[in-house]
Each structure stands twice: as C-alpha cells, then as structure tokens.
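Visitor: My structure is stored as data_4.cif, with mmCIF, C-alpha atoms.
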data_query
#
loop_
_atom_site.label_atom_id
_atom_site.label_comp_id
_atom_site.auth_asym_id
_atom_site.auth_seq_id
_atom_site.Cartn_x
_atom_site.Cartn_y
_atom_site.Cartn_z
CA MET A 1446 152.17 208.71 107.70
CA THR A 1447 155.90 208.30 107.78
CA GLN A 1448 158.38 210.36 105.80
CA THR A 1449 158.67 207.57 103.25
CA ALA A 1450 155.20 208.39 101.92
CA PRO A 1451 156.43 210.86 99.23
CA LYS A 1452 158.75 208.19 97.87
CA ALA A 1453 155.93 205.68 97.96
CA LYS A 1454 153.62 207.81 95.84
CA PRO A 1455 155.44 207.39 92.48
CA ARG A 1456 155.63 203.64 93.09
CA ALA A 1457 151.96 203.62 94.05
CA ALA A 1458 151.02 205.50 90.88
CA TRP A 1459 152.96 203.04 88.72
CA GLN A 1460 151.40 200.04 90.45
CA ALA A 1461 147.90 201.53 90.25
CA GLY A 1462 148.37 202.28 86.57
CA ARG A 1463 149.16 198.64 85.83
CA LEU A 1464 146.38 197.44 88.12
CA ALA A 1465 144.06 199.64 86.05
CA LEU A 1466 144.52 197.18 83.20
CA GLY A 1467 142.30 194.94 85.33
CA THR A 1468 139.28 197.23 85.04
CA ALA A 1469 140.23 197.95 81.42
CA SER A 1470 139.89 194.25 80.67
CA ALA A 1471 137.16 193.07 83.06
CA LEU A 1472 134.91 196.10 82.52
CA GLY A 1473 135.99 198.05 79.44
CA LEU A 1474 136.51 195.01 77.21
CA ALA A 1475 134.52 192.17 78.76
CA ARG A 1476 131.40 194.13 79.71
CA PHE A 1477 131.03 197.50 78.04
CA ALA A 1478 132.38 196.63 74.57
CA TYR A 1479 129.29 194.47 74.11
CA GLY A 1480 127.29 197.67 73.70
CA LEU A 1481 129.28 198.40 70.52
CA LEU A 1482 128.79 194.87 69.23
CA LEU A 1483 125.09 194.71 70.03
CA PRO A 1484 123.79 196.29 66.77
CA ALA A 1485 125.75 193.90 64.53
CA MET A 1486 124.93 190.84 66.64
CA ARG A 1487 121.27 191.83 66.90
CA GLU A 1488 120.97 192.21 63.14
CA ASP A 1489 122.93 189.06 62.26
CA LEU A 1490 121.28 186.86 64.90
CA ARG A 1491 117.84 188.51 64.67
CA TRP A 1492 117.50 189.32 68.35
CA THR A 1493 114.83 191.43 70.01
CA LEU A 1494 116.01 194.17 72.38
CA ALA A 1495 114.98 191.95 75.29
CA GLU A 1496 117.19 189.13 73.96
CA ALA A 1497 120.03 191.61 73.45
CA GLY A 1498 119.52 192.90 76.99
CA ALA A 1499 119.53 189.34 78.31
CA MET A 1500 123.16 189.05 77.19
CA SER A 1501 124.03 191.85 79.60
CA THR A 1502 121.82 190.18 82.20
CA ALA A 1503 123.84 186.96 81.75
CA ASN A 1504 127.01 188.95 82.21
CA GLY A 1505 125.52 190.51 85.33
CA LEU A 1506 124.48 187.10 86.65
CA GLY A 1507 128.01 185.83 86.15
CA TYR A 1508 129.26 188.93 87.93
CA LEU A 1509 126.94 188.13 90.83
CA LEU A 1510 128.22 184.57 91.03
CA GLY A 1511 131.80 185.77 90.81
CA ALA A 1512 131.26 188.27 93.61
CA LEU A 1513 129.81 185.52 95.80
CA VAL A 1514 132.84 183.24 95.34
CA THR A 1515 135.58 185.88 95.43
CA ALA A 1516 136.10 185.65 99.19
CA ALA A 1517 136.55 181.87 98.90
CA VAL A 1518 138.96 182.28 95.98
CA VAL A 1519 141.01 184.83 97.94
CA ARG A 1520 140.95 182.60 101.01
CA ARG A 1521 142.25 179.68 98.97
CA TRP A 1522 144.84 181.37 96.77
CA GLY A 1523 145.31 184.94 98.02
CA THR A 1524 144.40 188.35 96.61
CA ALA A 1525 147.16 188.56 94.00
CA ALA A 1526 146.46 185.08 92.63
CA ALA A 1527 142.71 185.80 92.51
CA PHE A 1528 143.37 188.93 90.43
CA ARG A 1529 145.65 187.05 88.03
CA ILE A 1530 143.30 184.08 87.66
CA GLY A 1531 140.39 186.40 86.98
CA MET A 1532 142.37 188.27 84.32
CA ALA A 1533 143.35 185.07 82.51
CA LEU A 1534 139.82 183.67 82.59
CA THR A 1535 138.44 186.98 81.27
CA ALA A 1536 140.61 186.65 78.16
CA VAL A 1537 139.51 183.03 77.68
CA SER A 1538 135.83 183.91 78.02
CA LEU A 1539 136.14 186.67 75.41
CA ALA A 1540 137.69 184.23 72.97
CA ALA A 1541 134.86 181.77 73.68
CA THR A 1542 132.28 184.42 72.71
CA ALA A 1543 133.57 184.27 69.14
CA ALA A 1544 133.32 180.48 68.92
CA SER A 1545 129.58 180.09 68.32
CA ASP A 1546 126.47 181.99 67.30
CA ALA A 1547 124.17 179.70 69.33
CA TYR A 1548 122.25 181.78 71.86
CA PRO A 1549 122.85 179.41 74.86
CA ALA A 1550 126.59 179.29 74.11
CA LEU A 1551 126.79 183.06 73.92
CA LEU A 1552 124.87 183.36 77.19
CA ALA A 1553 127.35 180.95 78.81
CA ALA A 1554 130.34 182.89 77.50
CA ARG A 1555 128.92 186.21 78.72
CA THR A 1556 128.20 184.63 82.13
CA ALA A 1557 131.79 183.38 82.37
CA ALA A 1558 133.13 186.81 81.45
CA GLY A 1559 131.03 188.36 84.21
CA ALA A 1560 132.21 185.87 86.83
CA ALA A 1561 135.87 186.35 85.97
CA GLY A 1562 135.42 190.11 85.85
CA ALA A 1563 133.94 190.20 89.36
CA VAL A 1564 136.96 188.42 90.80
CA VAL A 1565 139.24 190.94 89.07
CA PHE A 1566 137.10 193.87 90.23
CA VAL A 1567 137.04 192.89 93.91
CA ALA A 1568 140.62 191.63 94.20
CA GLY A 1569 142.00 194.61 92.29
CA GLY A 1570 139.94 197.02 94.35
CA VAL A 1571 141.34 195.59 97.58
CA ILE A 1572 144.90 195.79 96.24
CA ALA A 1573 144.34 199.39 95.09
CA SER A 1574 142.91 200.27 98.53
CA ARG A 1575 146.01 198.94 100.25
CA VAL A 1576 148.26 200.78 97.81
CA ALA A 1577 146.28 203.95 98.57
CA ALA A 1578 146.63 203.40 102.32
CA ARG A 1579 150.40 203.02 102.06
CA ALA A 1580 150.71 206.13 99.87
CA ALA A 1581 148.29 208.20 102.02
CA SER A 1582 146.39 209.11 98.86
CA SER A 1583 143.05 208.17 97.30
CA ALA A 1584 144.54 208.51 93.81
CA PRO A 1585 145.37 204.80 93.37
CA ILE A 1586 141.68 203.96 93.86
CA THR A 1587 140.43 206.43 91.26
CA VAL A 1588 143.23 205.48 88.85
CA TYR A 1589 142.31 201.83 89.21
CA PHE A 1590 138.69 202.42 88.25
CA ALA A 1591 139.67 204.88 85.50
CA GLY A 1592 141.35 201.99 83.69
CA THR A 1593 137.87 201.11 82.45
CA GLY A 1594 138.14 204.08 80.09
CA LEU A 1595 141.17 202.60 78.37
CA GLY A 1596 139.18 199.49 77.52
CA ILE A 1597 136.31 201.63 76.21
CA VAL A 1598 138.67 203.70 74.04
CA VAL A 1599 140.30 200.57 72.59
CA SER A 1600 136.84 199.20 71.80
CA GLY A 1601 135.56 202.50 70.44
CA VAL A 1602 138.35 203.02 67.94
CA SER A 1603 138.43 199.42 66.68
CA ILE A 1604 135.03 197.70 66.82
CA PRO A 1605 132.88 200.07 64.69
CA ALA A 1606 135.33 199.78 61.79
CA LEU A 1607 134.79 196.01 61.72
CA GLY A 1608 131.12 196.50 60.84
CA GLU A 1609 129.24 193.21 60.77
CA HIS A 1610 132.29 191.09 61.63
CA TRP A 1611 131.42 190.74 65.30
CA ARG A 1612 133.25 187.41 65.76
CA LEU A 1613 136.53 188.99 64.66
CA ALA A 1614 135.88 191.80 67.12
CA TRP A 1615 135.53 189.35 70.01
CA VAL A 1616 138.82 187.69 69.01
CA GLY A 1617 140.51 191.09 69.02
CA LEU A 1618 139.11 191.84 72.48
CA ALA A 1619 140.43 188.48 73.72
CA VAL A 1620 143.91 189.31 72.45
CA ALA A 1621 143.80 192.72 74.14
CA ALA A 1622 142.67 191.08 77.40
CA ALA A 1623 145.52 188.57 77.20
CA LEU A 1624 148.04 191.38 76.76
CA ALA A 1625 146.51 193.20 79.74
CA THR A 1626 146.88 190.04 81.83
CA VAL A 1627 150.60 189.88 81.10
CA ALA A 1628 151.19 193.59 81.66
CA SER A 1629 149.35 193.68 85.01
CA TRP A 1630 150.76 190.43 86.40
CA SER A 1631 153.45 191.86 88.68
CA ALA A 1632 151.25 194.80 89.79
CA ALA A 1633 149.03 192.38 91.73
CA SER A 1634 151.74 191.77 94.32
CA THR A 1635 150.51 192.98 97.71
CA GLY A 1636 153.43 192.18 99.99
CA GLU A 1637 151.00 190.69 102.50
CA ASP A 1638 150.24 187.19 103.66
CA ALA A 1639 148.49 185.45 100.78
CA HIS A 1640 145.52 184.38 102.85
CA ALA A 1641 145.17 187.25 105.32
CA ALA A 1642 143.11 189.41 102.98
CA ALA A 1643 140.23 186.95 103.02
CA ALA A 1644 139.69 187.37 106.76
CA GLY A 1645 137.18 189.78 108.17
CA ARG A 1646 133.49 190.49 108.58
CA VAL A 1647 130.92 191.95 106.23
CA ARG A 1648 129.93 195.44 107.38
CA VAL A 1649 127.06 196.58 105.18
CA ARG A 1650 124.41 197.52 107.77
CA PRO A 1651 126.08 200.80 108.85
CA LEU A 1652 126.27 201.76 105.16
CA TRP A 1653 122.73 200.72 104.20
CA GLY A 1654 121.94 203.94 102.33
CA ALA A 1655 125.01 203.62 100.15
CA ALA A 1656 124.26 199.92 99.55
CA LEU A 1657 120.70 200.63 98.36
CA ALA A 1658 121.92 203.49 96.18
CA TYR A 1659 124.57 201.17 94.70
CA LEU A 1660 121.85 198.64 93.84
CA LEU A 1661 119.81 201.25 91.94
CA PHE A 1662 122.92 202.66 90.27
CA ALA A 1663 123.91 199.19 89.07
CA ALA A 1664 120.46 198.56 87.59
CA GLY A 1665 120.51 201.95 85.89
CA TYR A 1666 124.00 202.75 84.65
CA ILE A 1667 124.51 199.50 82.72
CA THR A 1668 121.53 200.13 80.45
CA TYR A 1669 122.97 203.39 79.10
CA ILE A 1670 126.20 201.86 77.90
CA THR A 1671 124.56 198.59 76.82
CA PHE A 1672 122.06 200.30 74.53
CA LEU A 1673 123.96 203.46 73.56
CA SER A 1674 125.00 202.06 70.18
CA ALA A 1675 121.47 200.77 69.53
CA TYR A 1676 120.17 204.24 70.38
CA LEU A 1677 122.67 205.82 68.00
CA ALA A 1678 121.67 203.35 65.29
CA ASP A 1679 118.01 204.31 65.75
CA GLN A 1680 119.08 207.94 65.34
CA HIS A 1681 120.86 206.96 62.08
CA ALA A 1682 124.23 208.01 63.46
CA SER A 1683 127.20 207.78 61.12
CA LEU A 1684 130.20 205.53 61.74
CA GLY A 1685 132.24 208.60 62.60
CA GLN A 1686 129.72 209.72 65.21
CA VAL A 1687 129.70 206.29 66.85
CA VAL A 1688 133.50 206.18 67.01
CA LEU A 1689 133.70 209.76 68.32
CA THR A 1690 131.01 209.19 70.95
CA TRP A 1691 132.56 206.02 72.35
CA THR A 1692 136.11 207.35 72.23
CA ALA A 1693 135.07 210.55 74.00
CA LEU A 1694 133.22 208.49 76.61
CA GLY A 1695 136.31 206.36 77.27
CA LEU A 1696 138.64 209.36 77.43
CA ALA A 1697 136.28 210.98 79.92
CA VAL A 1698 136.57 207.88 82.13
CA ILE A 1699 140.37 208.13 81.97
CA ALA A 1700 140.20 211.81 82.90
CA ALA A 1701 137.82 211.18 85.81
CA PRO A 1702 140.56 210.83 88.49
CA ALA A 1703 141.63 214.43 87.85
CA LEU A 1704 138.05 215.50 88.58
CA TRP A 1705 137.13 213.23 91.46
CA SER A 1706 140.27 212.26 93.40
CA ARG A 1707 140.13 215.32 95.66
CA PRO A 1708 136.34 215.31 96.26
CA THR A 1709 136.43 211.59 97.01
CA ALA A 1710 139.22 212.13 99.52
CA GLU A 1711 138.07 215.40 101.12
CA TRP A 1712 134.26 215.53 100.97
CA ALA A 1713 131.96 213.70 103.33
CA ALA A 1714 131.74 210.21 101.91
CA THR A 1715 128.03 210.37 101.07
CA ARG A 1716 128.34 213.84 99.52
CA ALA A 1717 130.72 212.63 96.81
CA LEU A 1718 128.52 209.62 96.08
CA ALA A 1719 125.29 211.65 95.90
CA THR A 1720 126.92 214.26 93.65
CA LEU A 1721 128.23 211.67 91.22
CA LEU A 1722 124.84 209.98 90.98
CA ALA A 1723 123.01 213.27 90.40
CA ILE A 1724 125.40 214.31 87.62
CA LEU A 1725 125.11 210.86 86.06
CA ALA A 1726 121.32 211.15 86.01
CA GLY A 1727 121.55 214.55 84.35
CA GLY A 1728 124.01 213.27 81.76
CA ALA A 1729 121.74 210.41 80.74
CA ALA A 1730 118.71 212.71 80.56
CA LEU A 1731 120.63 215.18 78.40
CA ALA A 1732 120.68 212.81 75.43
CA LEU A 1733 116.88 212.62 75.60
CA ALA A 1734 116.46 216.38 75.72
CA ALA A 1735 117.83 216.91 72.21
CA PRO A 1736 119.11 213.81 70.36
CA THR A 1737 121.50 215.76 68.12
CA PRO A 1738 125.14 214.66 67.69
CA PRO A 1739 126.65 217.45 69.86
CA VAL A 1740 124.16 216.85 72.68
CA VAL A 1741 124.60 213.06 72.61
CA LEU A 1742 128.37 213.59 72.62
CA ALA A 1743 128.06 215.87 75.67
CA SER A 1744 125.88 213.25 77.35
CA ALA A 1745 128.50 210.55 76.73
CA ILE A 1746 131.29 212.75 78.10
CA ILE A 1747 129.32 213.54 81.28
CA TYR A 1748 128.46 209.86 81.67
CA GLY A 1749 132.06 208.78 81.16
CA ALA A 1750 133.42 211.36 83.59
CA THR A 1751 131.15 210.17 86.40
CA PHE A 1752 129.98 206.56 86.21
CA MET A 1753 133.22 204.86 87.30
CA GLY A 1754 133.55 207.46 90.04
CA VAL A 1755 130.65 205.73 91.80
CA PRO A 1756 132.45 202.42 92.56
CA ALA A 1757 135.57 204.46 93.39
CA ALA A 1758 133.51 206.49 95.89
CA ILE A 1759 132.02 203.29 97.33
CA THR A 1760 135.49 201.78 97.72
CA ALA A 1761 136.78 204.94 99.40
CA LEU A 1762 133.71 204.95 101.67
CA ILE A 1763 134.43 201.37 102.72
CA LYS A 1764 138.10 202.18 103.24
CA SER A 1765 137.18 205.13 105.47
CA ASN A 1766 134.46 203.47 107.54
CA VAL A 1767 135.50 199.83 107.86
CA PRO A 1768 138.56 198.29 109.58
CA PRO A 1769 141.25 197.20 107.10
CA ALA A 1770 140.76 193.56 108.10
CA ASP A 1771 137.16 193.75 106.83
CA TRP A 1772 137.78 195.51 103.50
CA THR A 1773 137.71 192.38 101.32
CA ALA A 1774 134.54 190.94 102.85
CA THR A 1775 132.70 194.25 102.77
CA LEU A 1776 133.79 195.17 99.24
CA ALA A 1777 132.74 191.71 98.06
CA ALA A 1778 129.33 192.21 99.70
CA PHE A 1779 128.88 195.58 97.99
CA THR A 1780 129.95 194.01 94.70
CA THR A 1781 127.28 191.35 95.21
CA VAL A 1782 124.67 194.09 95.69
CA PHE A 1783 126.03 195.83 92.59
CA ALA A 1784 125.91 192.61 90.58
CA ALA A 1785 122.31 191.92 91.58
CA GLY A 1786 121.28 195.33 90.26
CA GLN A 1787 123.05 195.07 86.95
CA THR A 1788 121.73 191.55 86.41
CA ALA A 1789 118.12 192.72 86.29
CA GLY A 1790 118.58 196.18 84.78
CA PRO A 1791 119.37 195.50 81.09
CA TRP A 1792 116.73 192.78 80.67
CA ILE A 1793 113.95 194.87 82.20
CA ALA A 1794 115.01 197.98 80.27
CA GLY A 1795 115.22 195.93 77.06
CA MET A 1796 111.67 194.65 77.51
CA VAL A 1797 110.42 198.19 78.08
CA ALA A 1798 112.32 199.39 75.01
CA ASP A 1799 110.80 196.62 72.87
CA HIS A 1800 107.37 198.11 73.58
CA THR A 1801 108.50 201.75 73.31
CA SER A 1802 111.90 202.74 71.90
CA THR A 1803 115.58 202.72 72.78
CA GLU A 1804 115.03 206.13 74.38
CA ALA A 1805 113.48 204.25 77.30
CA THR A 1806 116.88 202.79 78.20
CA LEU A 1807 118.36 206.26 78.70
CA ALA A 1808 115.34 207.35 80.72
CA TRP A 1809 115.78 204.23 82.87
CA THR A 1810 119.36 205.27 83.69
CA ALA A 1811 118.36 208.84 84.51
CA ILE A 1812 115.48 207.87 86.79
CA LEU A 1813 117.32 205.19 88.77
CA CYS A 1814 120.47 207.25 89.24
CA ALA A 1815 118.42 210.24 90.41
CA ALA A 1816 116.65 207.99 92.92
CA ALA A 1817 120.00 206.59 94.07
CA SER A 1818 121.30 210.11 94.68
CA ALA A 1819 118.24 210.94 96.79
CA ILE A 1820 118.59 207.73 98.81
CA THR A 1821 122.27 208.43 99.45
CA ILE A 1822 121.37 211.79 100.95
CA ALA A 1823 118.48 210.34 102.97
CA GLY A 1824 120.59 207.42 104.20
CA GLY A 1825 122.50 209.62 106.60
CA ARG A 1826 126.09 210.62 106.92
CA THR A 1827 128.98 208.26 107.44
CA HIS A 1828 132.13 209.35 109.21
CA PRO A 1829 135.03 209.64 106.76
CA GLY A 1830 138.53 209.72 108.02
CA ALA A 1831 140.71 207.18 109.69
CA PRO A 1832 139.40 203.62 109.54
CA ARG A 1833 138.23 202.03 112.73
CA PRO A 1834 140.91 200.13 114.59
CA GLY A 1835 141.76 196.84 113.06
CA PRO A 1836 144.76 194.81 111.99
CA ALA A 1837 146.54 196.32 109.01
CA HIS A 1838 147.86 194.27 106.14
CA ASN A 1839 150.75 196.19 104.60
#
If you convert what's in this file into structure tokens, what do you get?
Guide:
Amino acid sequence: MTQTAPKAKPRAAWQAGRLALGTASALGLARFAYGLLLPAMREDLRWTLAEAGAMSTANGLGYLLGALVTAAVVRRWGTAAAFRIGMALTAVSLAATAASDAYPALLAARTAAGAAGAVVFVAGGVIASRVAARAASSAPITVYFAGTGLGIVVSGVSIPALGEHWRLAWVGLAVAAALATVASWSAASTGEDAHAAAAGRVRVRPLWGAALAYLLFAAGYITYITFLSAYLADQHASLGQVVLTWTALGLAVIAAPALWSRPTAEWAATRALATLLAILAGGAALALAAPTPPVVLASAIIYGATFMGVPAAITALIKSNVPPADWTATLAAFTTVFAAGQTAGPWIAGMVADHTSTEATLAWTAILCAAASAITIAGGRTHPGAPRPGPAHN
C-alpha cells in the first residue's frame, strides 16, 4: 500500500459510515423491524404464527429475486446507481406496507422491500469492499454491516411505544428510510467505471463449505429476530423490557466492528466465520436456558454482537480469495444462497411454533447456526491474504 493509505483511512471511515445507512435501511428498518410489529399485526389481523412467518418468507423471496437481478442492474446502471435505486425503492416499499391490511397486499409490499434491500446489500457490500481495499483495512466492511444496528435501535426505541398503531409505525419507518437515502447518496460514489463492476465470474465452488454454512445461517438467524417480540409477548414481557431488549440488540450490532474487525482481518477466513456461528448458536440457546429478563437481554446482546459479523466475514472471505473483478458476481451468488435460506426459515419455524411454542423459533436458530459452524470447519481452509491476480477497479 502506498503512503497515502493513512490519509485515505479517515475518508474511508466517513464513506463507510454513510454507506452503513444502506444496511440500516435495507436490513434494520425494512427487514428486522417487522419482528417488533409482528405482535400488533398478528393480533389486529388475526394471523397464525405460520402466516406471520410467511411475511418474513415473502421478504426473503423478494430478497432472493433482488439478489438474482442485482448483477443485471449493476451492468445496466452501475454500482452506485444500483445502491441509490435500491435505497429509494426500500423507502417506497415501507410506505406501501402501511397502505392496506389485505394479506396479499402486505405480502407484495414485503416482497418488494426484500428485493430492494438485496440490491442495496450487494451493491453496498461491493462499494465497501473497494473502500476497504483502498484503505488497506477491513474496517469499512464491518462498519458497513454494523449500520444494521442503527436501524434496529431506531425501531426499538420508537415502535413499541406506538402499541397497536402498526400502520403509523410503517409510515415512520418509510420516512426514516427516505432520510437515509438522502444522507447516503454521495457515499455510493465509487470512482470507477459505472459498468465495470458488473463484470466477472461467479466463484462459489472453491468456497463451498462457507456457502453451505451461509445457507443454514440464513435459515436460522432470521427466525430469532422475526419471532423475538412474539417470544417476549408469550413471556408477558413489559413494554420497558421489549424496548430495552431491542435497543441493546441494536447497540450490540453497532459495537460489533470493535469486536470483529481484527479477527476478520487477521484470522484464517473460516476460523472467524466458524467462531461467529458458534457464538450465535450459544446466544440463541441462552434465552431458552432461563427465560428471565436478564438472561433474554444477555441473549439479545450476544446475538446482536455476532449475527451481522457473519455476512461481514463472508464478504471479507470473498475479498481475500476471489479476484477483484469477480467480487460483484461472487457476492451476488452468495447473497442468492443467503436469500434462499432466509426465504424458507421463518415459514418453517412458524409452522413448528404453531404446533409447539415460540421457544421453537429460538431452538431453530441455535441448531442451524451450530450446524453451520461445524460445516464451516469441515469445509476446509481457504487461503486469506492477497486476492488472486485480477484487474482492480479503484
């Protein structure tokens, strides 16, 4: 790295911080906030847990579709434009969720939010990877994914106070997403040819263990945050406990870069991923061990401090093992795998919970994440370090 790297790092941090509004909106607001709204919507609209889970499945399906079209969107308009379009459409889809209480319309709105969010996730991840490469630091990647915590905190401190007024909550989320779109607009600039980032080959086969682990993680992690509020409601949690739990979870996500930036950069790529997945499994299981407020709070903090580290570790793994020209195609392929997992997870877990209890959703997360950790270890070691030769896009 040249001597200009130290000067580049403050600029990289500022750009990554604004890019993080992408994950705050696409994930924190458009996906995870639904978990807070689920109890009120379920009671008002008389849903079963399977129907409630199907809303997350619709969001996951949209995410899958969005991941599949991201490469084409980037090829047509460029990475920066794809990020901006996705951000704007995320805000629109959140506003649409408040427009009707008809189940098909809500499914459509949640699908649209997922599709827009996938475009933001992939395009922003590629931009953050290139910022990280220029700054010779993995911090921009972890900061980008930590933005999710900001969206969770905003949701956690505002939505529970609205009680049964779930439509008003969706309007508020749409306004927050619109503000995030404006604030992150200039951060999407990559300084590269608008269409170059769409070139490249998909390189998943050498990383098959990580891909399979990512599939299981996706099917597992989403159920915890989707049904956490329903679980707390079944435990007769107070409003204060719900707010505290969600806010602590979101703050833990924000703090995650301080915990995981160095391990992600310095450990063997699969070691960081396996460790994150194992801790995540333990955190989900903790809430089942003793469903008291302090233990559930500890579970949420552990969950928040680890779950967004997984896509950050995957992105760093791709960055370290794939030529720069292939980052977009490979990250989009991994996002497709991820989307497939989280499409099925909430619906299946919801059906199981309908016949048992909401505790089954936490057990689902713990079991799948533990299996993903084991598969990561069994999948063999990758070779972190300098990417393979390939054309750079700086």
Visitor: Using only C-alpha atoms, find the one residue out of A:Ile1604, A:Asp1799, A:Val1698, A:Ala1664 that sits nearest to Trp1492 in chain A.
Guide: A:Asp1799
Visitor: Care to translate the PyMOL selection byres ((chain A and resi 1544) around 12) into actual residues of this file, as a list in words?
Guide: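 Selected by the PyMOL selection byres ((chain A and resi 1544) around 12) here: Val1537, Ser1538, Leu1539, Ala1540, Ala1541, Thr1542, Ala1543, Ser1545, Asp1546, Ala1547, Tyr1548, Ala1550, Leu1551, Ala1553, Ala1554, Trp1611, Arg1612, Leu1613, Ala1614, Trp1615, Val1616 and Ala1619 of chain A.
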Visitor: Specify as a PDB file with C-alpha atoms, in the frame of the given file each residue included when the PyMOL selection byres ((chain A and resi 1711-1724) around 7) is applied to this file.
Guide:
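Wrote expr14.pdb, looks like this:
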ATOM      1  CA  ARG A1707     140.130 215.320  95.660  1.00  0.00           C
ATOM      2  CA  PRO A1708     136.340 215.310  96.260  1.00  0.00           C
ATOM      3  CA  THR A1709     136.430 211.590  97.010  1.00  0.00           C
ATOM      4  CA  ALA A1710     139.220 212.130  99.520  1.00  0.00           C
ATOM      5  CA  LEU A1725     125.110 210.860  86.060  1.00  0.00           C
ATOM      6  CA  ALA A1726     121.320 211.150  86.010  1.00  0.00           C
ATOM      7  CA  GLY A1727     121.550 214.550  84.350  1.00  0.00           C
ATOM      8  CA  GLY A1728     124.010 213.270  81.760  1.00  0.00           C
ATOM      9  CA  THR A1751     131.150 210.170  86.400  1.00  0.00           C
ATOM     10  CA  GLY A1754     133.550 207.460  90.040  1.00  0.00           C
ATOM     11  CA  VAL A1755     130.650 205.730  91.800  1.00  0.00           C
ATOM     12  CA  ALA A1758     133.510 206.490  95.890  1.00  0.00           C
ATOM     13  CA  LEU A1762     133.710 204.950 101.670  1.00  0.00           C
ATOM     14  CA  CYS A1814     120.470 207.250  89.240  1.00  0.00           C
ATOM     15  CA  ALA A1815     118.420 210.240  90.410  1.00  0.00           C
ATOM     16  CA  ALA A1817     120.000 206.590  94.070  1.00  0.00           C
ATOM     17  CA  SER A1818     121.300 210.110  94.680  1.00  0.00           C
ATOM     18  CA  THR A1821     122.270 208.430  99.450  1.00  0.00           C
ATOM     19  CA  ILE A1822     121.370 211.790 100.950  1.00  0.00           C
ATOM     20  CA  ARG A1826     126.090 210.620 106.920  1.00  0.00           C
ATOM     21  CA  THR A1827     128.980 208.260 107.440  1.00  0.00           C
ATOM     22  CA  PRO A1829     135.030 209.640 106.760  1.00  0.00           C
TER      23      PRO A1829
END
Visitor: Would you mind telling me which residue in A:Ala1558, A:Ile1530, A:Val1588, A:Ala1823 lies nearest to Ser1574 in chain A when using only C-alpha atoms?
Guide: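 Among the listed residues, A:Val1588 lies closest to Ser1574 in chain A.
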Visitor: Under the rule that all atoms listed in the file are counted, which of A:Ala1761, A:Ala1495, A:Val1565, A:Ala1735 is the nearest residue to Ser1629 in chain A?
Guide: A:Val1565
Visitor: Env of range 1476-1485 of chain A: 6 Å cut, atoms = all atoms listed in the file, seq-sep filter 3 positions within chain, self excluded. Answer as a list in words.
Guide: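 Contacts, in chain order: Leu1472, Gly1473, Glu1488, Ser1600, Glu1609, Thr1671, Phe1672, Ser1674 and Ala1675 of chain A.
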Visitor: Report, in Å to a single decimal, how far apart CA of Thr1788 in chain A and CA of Leu1506 in chain A are.
Guide: 5.2 Å
Visitor: For Ala1625 in chain A, which residue among A:Met1486, A:Met1532, A:Ala1557, A:Val1740 is the nearest when counting all atoms listed in the file?
Guide: A:Met1532
Visitor: Give me, as number ranges by chain, all polymer residues having an atom no more than 9 Å from Gly1824 in chain A, counting all atoms listed in the file and skipping those fewer than 5 positions away in the same chain.
Guide: A: 1652-1655, 1657, 1715, 1819
Visitor: What residues come out when you apply the PyMOL selection byres ((chain A and resi 1771-1787) around 8) to this file, written as a PyMOL selection string?
Guide: chain A and resi 1502+1505-1506+1508-1509+1512-1513+1515-1516+1563+1567-1568+1571+1642-1649+1656+1659-1665+1667+1760+1763-1764+1767-1770+1788-1791
Visitor: Which residue is closest to Gly1695 in chain A? Choose from A:Ala1628, A:Ala1573, A:Ala1606, A:Ile1670 and count only C-alpha atoms.
Guide: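 Selected residue with least distance to Gly1695 in chain A: A:Ile1670.
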Visitor: How many Å separate CA of Val1514 in chain A from CA of Pro1651 in chain A?
Guide: 23.2 Å
Visitor: Taking all atoms listed in the file into account, which of A:Ala1577, A:Ala1700, A:Ala1469, A:Ala1658 comes nearest Ile1746 in chain A?
Guide: A:Ala1700
Visitor: Write out as a ChimeraX atom specification the residues lying within 8 Å of Leu1694 in chain A, counting all atoms listed in the file and excluding same-chain residues fewer than 2 positions away.
Guide: /A:1594,1597-1598,1690-1692,1696-1698,1745-1750
Visitor: Store the residues picked out above, limited to C-alpha atoms, as a PDB file, keeping the file's coordinate frame.
Guide:
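Here's the written file again_26.pdb:
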ATOM      1  CA  GLY A1594     138.140 204.080  80.090  1.00  0.00           C
ATOM      2  CA  ILE A1597     136.310 201.630  76.210  1.00  0.00           C
ATOM      3  CA  VAL A1598     138.670 203.700  74.040  1.00  0.00           C
ATOM      4  CA  THR A1690     131.010 209.190  70.950  1.00  0.00           C
ATOM      5  CA  TRP A1691     132.560 206.020  72.350  1.00  0.00           C
ATOM      6  CA  THR A1692     136.110 207.350  72.230  1.00  0.00           C
ATOM      7  CA  LEU A1696     138.640 209.360  77.430  1.00  0.00           C
ATOM      8  CA  ALA A1697     136.280 210.980  79.920  1.00  0.00           C
ATOM      9  CA  VAL A1698     136.570 207.880  82.130  1.00  0.00           C
ATOM     10  CA  ALA A1745     128.500 210.550  76.730  1.00  0.00           C
ATOM     11  CA  ILE A1746     131.290 212.750  78.100  1.00  0.00           C
ATOM     12  CA  ILE A1747     129.320 213.540  81.280  1.00  0.00           C
ATOM     13  CA  TYR A1748     128.460 209.860  81.670  1.00  0.00           C
ATOM     14  CA  GLY A1749     132.060 208.780  81.160  1.00  0.00           C
ATOM     15  CA  ALA A1750     133.420 211.360  83.590  1.00  0.00           C
TER      16      ALA A1750
END
